[in-house]
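Asker: One structure is given below, represented as structure tokens, and several questions about it will come after.
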Amino acid sequence: MADKVIITCAVTGSIHTPSMSPHLPVTPDQIAAASVEAAEAGAAVIHLHARDPETGRPEQTPERYMEFLPRIKQQTGAILNITTGGGLGMSLDERLAPALQAAPELASMNMGSFNFNISAAARALKGDVQGWERPYIEGSKDLIMSNTFVQIERGMRELGDKGTKFEFECYDAGHLYNLAHFADMGLIKPPFFVQCIFGITGGIGPDPENLMFMKSTADRLFGRDYRFSVLGAGRHQFSLVTMGAIMGGNVRVGLEDNLYLAKGELAPSNAAQVAKIRRILNELGLEVATPDEARAMLGTKGADQVNF
């Protein structure tokens, strides 16, 4: 049971494309502003991807991240979490490069290879669709998100040497066992921040029973050495993260995971999603963690120890 609930906000990601929502942050200015607003609304952790400001296509160059990381740090106390998943089809070198340069407090770490199929999102394409968008989305039908044991170990060692902790992204039960394998090796140390992801085609489904199963499996593998968090993709976002919070976990929202605030209503901002889950948590009598409380809960090194 969490002492307080950590809200993570994933502000842009690499799944949704600009034609799906006019509110998706794309430029460095937009990503920085969205991150600051989400932190002000109550997010203790900001999960970050970068995009080409001209096209909105996911981009994973350190230079692009440096256009917004220092600005967010200057304006918020939030923990900044850099993806190592990057975008579809990127090499491991590309995926790791921003986090290796920035040495953030947190970085995401996918815990296994799997079929990562987001082709159904193509039906959300509308209006002025850019040439790269449809092939990028529909091409995921033939994509394996590669996270071999060698790749995971490399990321853990190289980022761990910089004092970075991880948001361990687990898309299925086997990923929890992969995490336990690396814990048994002594390569990573608790507390483990375990982000269980539901609703991506190729991963575990968004059923309440699956959430309970993942939680009980993590309990068995990690005991009191971990912090449980829930990510529900698309329309499953708020129902699943609320259930996870009731079960003692932490929550993740944001336009990376879901473009909507309610059925048929596009979220006007990341901050609106943060404000909504914060209201739900308050109604449930659950307290929201501040960034410094989240640092204590996750054991991160502190914002003064990063390279930006």
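We label chains A, B, ... in the order they appear in the structure tokens, count residues from 1 in each chain, and number ligands from 1 in the order shown.
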Could you go through range 81-127 of chain A and tell me which residues DSSP, when run on the backbone, assigns to helix (DSSP H, G or I), listing them as a ChimeraX atom specification?
Answerer: /A:92-102,119-124
Asker: Selection from above, N, CA, C and O atoms, as a PDB file, in the first residue's frame, can you write it?
Answerer:
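Writing the result to selection-v1.pdb gives the following:
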```
ATOM      1  N   LEU A  92      18.543   0.560 -30.466  1.00  0.00           N
ATOM      2  CA  LEU A  92      18.822   0.729 -29.043  1.00  0.00           C
ATOM      3  C   LEU A  92      19.741   1.915 -28.802  1.00  0.00           C
ATOM      4  O   LEU A  92      19.554   2.660 -27.829  1.00  0.00           O
ATOM      5  N   ASP A  93      20.724   2.122 -29.676  1.00  0.00           N
ATOM      6  CA  ASP A  93      21.601   3.279 -29.523  1.00  0.00           C
ATOM      7  C   ASP A  93      20.792   4.578 -29.548  1.00  0.00           C
ATOM      8  O   ASP A  93      21.025   5.478 -28.729  1.00  0.00           O
ATOM      9  N   GLU A  94      19.856   4.689 -30.485  1.00  0.00           N
ATOM     10  CA  GLU A  94      19.010   5.880 -30.560  1.00  0.00           C
ATOM     11  C   GLU A  94      18.167   6.019 -29.301  1.00  0.00           C
ATOM     12  O   GLU A  94      18.021   7.115 -28.745  1.00  0.00           O
ATOM     13  N   ARG A  95      17.601   4.914 -28.844  1.00  0.00           N
ATOM     14  CA  ARG A  95      16.687   4.951 -27.705  1.00  0.00           C
ATOM     15  C   ARG A  95      17.382   5.376 -26.416  1.00  0.00           C
ATOM     16  O   ARG A  95      16.805   6.071 -25.581  1.00  0.00           O
ATOM     17  N   LEU A  96      18.632   4.944 -26.238  1.00  0.00           N
ATOM     18  CA  LEU A  96      19.351   5.231 -25.002  1.00  0.00           C
ATOM     19  C   LEU A  96      20.023   6.606 -24.985  1.00  0.00           C
ATOM     20  O   LEU A  96      20.279   7.161 -23.907  1.00  0.00           O
ATOM     21  N   ALA A  97      20.292   7.162 -26.161  1.00  0.00           N
ATOM     22  CA  ALA A  97      21.152   8.344 -26.252  1.00  0.00           C
ATOM     23  C   ALA A  97      20.712   9.524 -25.385  1.00  0.00           C
ATOM     24  O   ALA A  97      21.539  10.102 -24.657  1.00  0.00           O
ATOM     25  N   PRO A  98      19.440   9.941 -25.390  1.00  0.00           N
ATOM     26  CA  PRO A  98      19.073  11.107 -24.572  1.00  0.00           C
ATOM     27  C   PRO A  98      19.275  10.885 -23.081  1.00  0.00           C
ATOM     28  O   PRO A  98      19.781  11.766 -22.380  1.00  0.00           O
ATOM     29  N   ALA A  99      18.869   9.715 -22.588  1.00  0.00           N
ATOM     30  CA  ALA A  99      19.011   9.456 -21.155  1.00  0.00           C
ATOM     31  C   ALA A  99      20.472   9.339 -20.754  1.00  0.00           C
ATOM     32  O   ALA A  99      20.865   9.776 -19.671  1.00  0.00           O
ATOM     33  N   LEU A 100      21.308   8.757 -21.619  1.00  0.00           N
ATOM     34  CA  LEU A 100      22.728   8.648 -21.290  1.00  0.00           C
ATOM     35  C   LEU A 100      23.367  10.026 -21.191  1.00  0.00           C
ATOM     36  O   LEU A 100      24.241  10.244 -20.354  1.00  0.00           O
ATOM     37  N   GLN A 101      22.954  10.964 -22.026  1.00  0.00           N
ATOM     38  CA  GLN A 101      23.519  12.313 -21.941  1.00  0.00           C
ATOM     39  C   GLN A 101      22.943  13.086 -20.760  1.00  0.00           C
ATOM     40  O   GLN A 101      23.675  13.775 -20.047  1.00  0.00           O
ATOM     41  N   ALA A 102      21.641  12.958 -20.534  1.00  0.00           N
ATOM     42  CA  ALA A 102      20.971  13.782 -19.519  1.00  0.00           C
ATOM     43  C   ALA A 102      21.111  13.222 -18.110  1.00  0.00           C
ATOM     44  O   ALA A 102      20.993  13.965 -17.136  1.00  0.00           O
ATOM     45  N   SER A 119      -1.892  -0.434 -34.617  1.00  0.00           N
ATOM     46  CA  SER A 119      -2.485  -0.112 -35.913  1.00  0.00           C
ATOM     47  C   SER A 119      -3.940   0.329 -35.799  1.00  0.00           C
ATOM     48  O   SER A 119      -4.430   1.087 -36.647  1.00  0.00           O
ATOM     49  N   ALA A 120      -4.644  -0.112 -34.762  1.00  0.00           N
ATOM     50  CA  ALA A 120      -6.038   0.297 -34.596  1.00  0.00           C
ATOM     51  C   ALA A 120      -6.170   1.802 -34.389  1.00  0.00           C
ATOM     52  O   ALA A 120      -7.232   2.379 -34.656  1.00  0.00           O
ATOM     53  N   ALA A 121      -5.089   2.437 -33.937  1.00  0.00           N
ATOM     54  CA  ALA A 121      -5.135   3.886 -33.733  1.00  0.00           C
ATOM     55  C   ALA A 121      -5.271   4.644 -35.045  1.00  0.00           C
ATOM     56  O   ALA A 121      -5.584   5.846 -35.044  1.00  0.00           O
ATOM     57  N   ALA A 122      -5.071   3.969 -36.183  1.00  0.00           N
ATOM     58  CA  ALA A 122      -5.172   4.638 -37.475  1.00  0.00           C
ATOM     59  C   ALA A 122      -6.574   5.205 -37.711  1.00  0.00           C
ATOM     60  O   ALA A 122      -6.730   6.181 -38.455  1.00  0.00           O
ATOM     61  N   ARG A 123      -7.579   4.611 -37.078  1.00  0.00           N
ATOM     62  CA  ARG A 123      -8.936   5.134 -37.269  1.00  0.00           C
ATOM     63  C   ARG A 123      -9.115   6.513 -36.647  1.00  0.00           C
ATOM     64  O   ARG A 123     -10.090   7.212 -36.937  1.00  0.00           O
ATOM     65  N   ALA A 124      -8.188   6.925 -35.801  1.00  0.00           N
ATOM     66  CA  ALA A 124      -8.262   8.258 -35.206  1.00  0.00           C
ATOM     67  C   ALA A 124      -7.627   9.322 -36.094  1.00  0.00           C
ATOM     68  O   ALA A 124      -7.728  10.507 -35.791  1.00  0.00           O
TER      69      ALA A 124
END
```
Asker: I'd like the contact shell of range 77-87 of chain A - 9 Å cut-off, only C-alpha atoms, skipping same-chain residues fewer than 3 positions apart - returned as an NGL selection string.
Answerer: :A and (13-15 or 35-36 or 39 or 43-50 or 57-60 or 65 or 69 or 72-74 or 90-92 or 94-99 or 102 or 104-110 or 145 or 155 or 166-167 or 290-292 or 294-295 or 300 or 302-303)
Asker: Using backbone DSSP assignments, extract all strand (DSSP E or B) residues from range 116-293 of chain A; output them as number ranges by chain.
Answerer: A: 117, 144-145, 165-170, 192-198, 201, 203, 226-232, 250-253, 260-262, 265-266, 288
Asker: Write out as an MDAnalysis selection string the residues lying within 7 Å of range 3-5 of chain A, counting only C-alpha atoms and excluding same-chain residues fewer than 6 positions away.
Answerer: chainID A and resid 249:250 286:289
Asker: Could you please determine the separation between CA of Val306 in chain A and CA of Ser229 in chain A in Å, to one decimal place?
Answerer: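 Going from CA of Val306 in chain A over to CA of Ser229 in chain A covers 23.9 Å.
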Asker: Could you give me, as a Markdown table, every range 185-231 of chain A residue with an atom at most 12 Å from range 127-141 of chain A, plus its closest atom pair and distance in Å to one decimal, counting only C-alpha atoms, rows ordered by chain then number?
Answerer:
```
| residue | atom | partner | partner_atom | distance |
| --- | --- | --- | --- | --- |
| A:Ile200 | CA | A:Ser140 | CA | 11.5 |
| A:Thr201 | CA | A:Lys141 | CA | 9.6 |
| A:Gly202 | CA | A:Lys141 | CA | 9.8 |
```
Asker: Quick one: everything within 8 Å of Val253 in chain A, counting only C-alpha atoms, minus sequence neighbours fewer than 4 positions away in the same chain. Send it as a PyMOL selection string.
Answerer: chain A and resi 7-10+231+237-238+257-258+270+273-274+277
Asker: So how far away is CA of His23 in chain A from CA of Leu143 in chain A, in Å?
Answerer: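 If I compute the distance from CA of Leu143 in chain A to CA of His23 in chain A, I get 27.2 Å.
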Asker: Using only C-alpha atoms for the distances, tell me which of A:Thr242, A:Asn117, A:Thr148, A:Ser269 is nearest to Leu281 in chain A.
Answerer: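 The closest residue to Leu281 in chain A is A:Thr242.
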Asker: With only C-alpha atoms as the atoms that count, which of A:Phe68, A:Phe192, A:Phe222, A:Phe149 lies nearest to Phe168 in chain A?
Answerer: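 Comparing A:Phe68, A:Phe192, A:Phe222, A:Phe149 against Phe168 in chain A, the winner is A:Phe192.
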Asker: Between A:Cys170, A:Ala272, A:Met297, A:Gly163, which has the minimum distance to Asp225 in chain A (counting only C-alpha atoms)?
Answerer: A:Met297
Asker: From the list A:Ala103, A:Glu293, A:Gly174, A:Met247, which residue is nearest Gln305 in chain A when using only C-alpha atoms?
Answerer: A:Ala103
Asker: Which of these, A:Gly89, A:Pro28, A:Gly199, A:Pro208, has the shortest distance to Met66 in chain A once you count only C-alpha atoms?
Answerer: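 The shortest atom-to-atom distance to Met66 in chain A comes from A:Pro28.
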Asker: Tell me which protein, DNA and RNA residues are within 12 Å of Leu179 in chain A, counting only C-alpha atoms, leaving out same-chain ones fewer than 6 positions away, and put them as a VMD selection string.
Answerer: chain A and resid 109 to 112 149 152 to 153 156 166 to 173 185 to 190 192 to 196 217 to 218 221 to 222 226
Asker: Go ahead and save the residues from that selection, with N, CA and C atoms, as a tab-separated table (two decimals), in the first residue's frame.
Answerer:
```tsv
chain	number	residue	atom	x	y	z
A	109	MET	N	12.17	1.72	-18.71
A	109	MET	CA	12.90	0.53	-19.15
A	109	MET	C	11.88	-0.56	-19.47
A	110	ASN	N	11.69	-0.83	-20.77
A	110	ASN	CA	10.78	-1.90	-21.18
A	110	ASN	C	11.39	-3.24	-20.78
A	111	MET	N	10.56	-4.12	-20.21
A	111	MET	CA	11.10	-5.33	-19.60
A	111	MET	C	10.94	-6.60	-20.42
A	112	GLY	N	10.76	-6.44	-21.74
A	112	GLY	CA	10.73	-7.62	-22.59
A	112	GLY	C	10.32	-7.27	-24.00
A	149	PHE	N	17.35	-9.63	-23.36
A	149	PHE	CA	18.07	-9.59	-22.09
A	149	PHE	C	19.38	-8.81	-22.23
A	152	ILE	N	18.36	-5.05	-22.38
A	152	ILE	CA	17.93	-4.56	-21.06
A	152	ILE	C	19.12	-4.41	-20.13
A	153	GLU	N	19.99	-5.41	-20.11
A	153	GLU	CA	21.15	-5.34	-19.21
A	153	GLU	C	22.05	-4.18	-19.57
A	156	MET	N	20.38	-1.01	-18.23
A	156	MET	CA	20.45	-0.96	-16.77
A	156	MET	C	21.85	-0.61	-16.29
A	166	PHE	N	14.72	3.54	-12.48
A	166	PHE	CA	13.92	3.15	-13.63
A	166	PHE	C	12.42	3.07	-13.32
A	167	GLU	N	11.66	3.43	-14.34
A	167	GLU	CA	10.23	3.09	-14.41
A	167	GLU	C	10.19	1.81	-15.24
A	168	PHE	N	10.01	0.67	-14.58
A	168	PHE	CA	10.04	-0.62	-15.28
A	168	PHE	C	8.68	-0.87	-15.93
A	169	GLU	N	8.64	-0.79	-17.26
A	169	GLU	CA	7.39	-0.91	-17.98
A	169	GLU	C	7.13	-2.39	-18.30
A	170	CYS	N	6.07	-2.91	-17.71
A	170	CYS	CA	5.75	-4.34	-17.82
A	170	CYS	C	4.41	-4.50	-18.55
A	171	TYR	N	4.47	-5.04	-19.76
A	171	TYR	CA	3.29	-5.19	-20.61
A	171	TYR	C	2.65	-6.56	-20.48
A	172	ASP	N	3.23	-7.44	-19.71
A	172	ASP	CA	2.67	-8.78	-19.49
A	172	ASP	C	3.35	-9.40	-18.28
A	173	ALA	N	2.80	-10.52	-17.84
A	173	ALA	CA	3.31	-11.13	-16.61
A	173	ALA	C	4.76	-11.58	-16.74
A	185	MET	N	20.03	-10.89	-10.00
A	185	MET	CA	21.43	-10.69	-10.41
A	185	MET	C	22.11	-9.60	-9.59
A	186	GLY	N	21.31	-8.78	-8.91
A	186	GLY	CA	21.86	-7.66	-8.16
A	186	GLY	C	22.17	-6.46	-9.04
A	187	LEU	N	21.66	-6.49	-10.27
A	187	LEU	CA	21.94	-5.41	-11.21
A	187	LEU	C	21.15	-4.15	-10.89
A	188	ILE	N	20.00	-4.32	-10.27
A	188	ILE	CA	19.15	-3.21	-9.86
A	188	ILE	C	18.80	-3.36	-8.39
A	189	LYS	N	18.53	-2.24	-7.76
A	189	LYS	CA	18.25	-2.25	-6.33
A	189	LYS	C	16.86	-1.67	-6.07
A	190	PRO	N	16.19	-2.17	-5.03
A	190	PRO	CA	14.88	-1.62	-4.68
A	190	PRO	C	15.02	-0.23	-4.07
A	192	PHE	N	11.69	-0.85	-6.52
A	192	PHE	CA	11.45	-0.94	-7.94
A	192	PHE	C	10.13	-0.23	-8.27
A	193	PHE	N	10.17	0.66	-9.24
A	193	PHE	CA	8.97	1.38	-9.68
A	193	PHE	C	8.40	0.61	-10.87
A	194	VAL	N	7.37	-0.19	-10.61
A	194	VAL	CA	6.83	-1.14	-11.58
A	194	VAL	C	5.57	-0.56	-12.22
A	195	GLN	N	5.69	-0.22	-13.50
A	195	GLN	CA	4.56	0.35	-14.24
A	195	GLN	C	3.91	-0.77	-15.06
A	196	CYS	N	2.75	-1.22	-14.64
A	196	CYS	CA	2.04	-2.28	-15.35
A	196	CYS	C	1.12	-1.66	-16.39
A	217	THR	N	1.07	-11.06	-8.70
A	217	THR	CA	2.35	-11.60	-9.16
A	217	THR	C	3.51	-10.73	-8.68
A	218	ALA	N	3.35	-9.41	-8.82
A	218	ALA	CA	4.40	-8.50	-8.35
A	218	ALA	C	4.58	-8.60	-6.84
A	221	LEU	N	6.65	-11.66	-6.20
A	221	LEU	CA	8.03	-11.57	-6.64
A	221	LEU	C	8.86	-10.56	-5.86
A	222	PHE	N	8.22	-9.44	-5.48
A	222	PHE	CA	9.00	-8.32	-4.93
A	222	PHE	C	8.63	-7.94	-3.50
A	226	TYR	N	8.86	-2.87	-3.80
A	226	TYR	CA	8.49	-2.21	-5.05
A	226	TYR	C	7.32	-1.25	-4.84
```
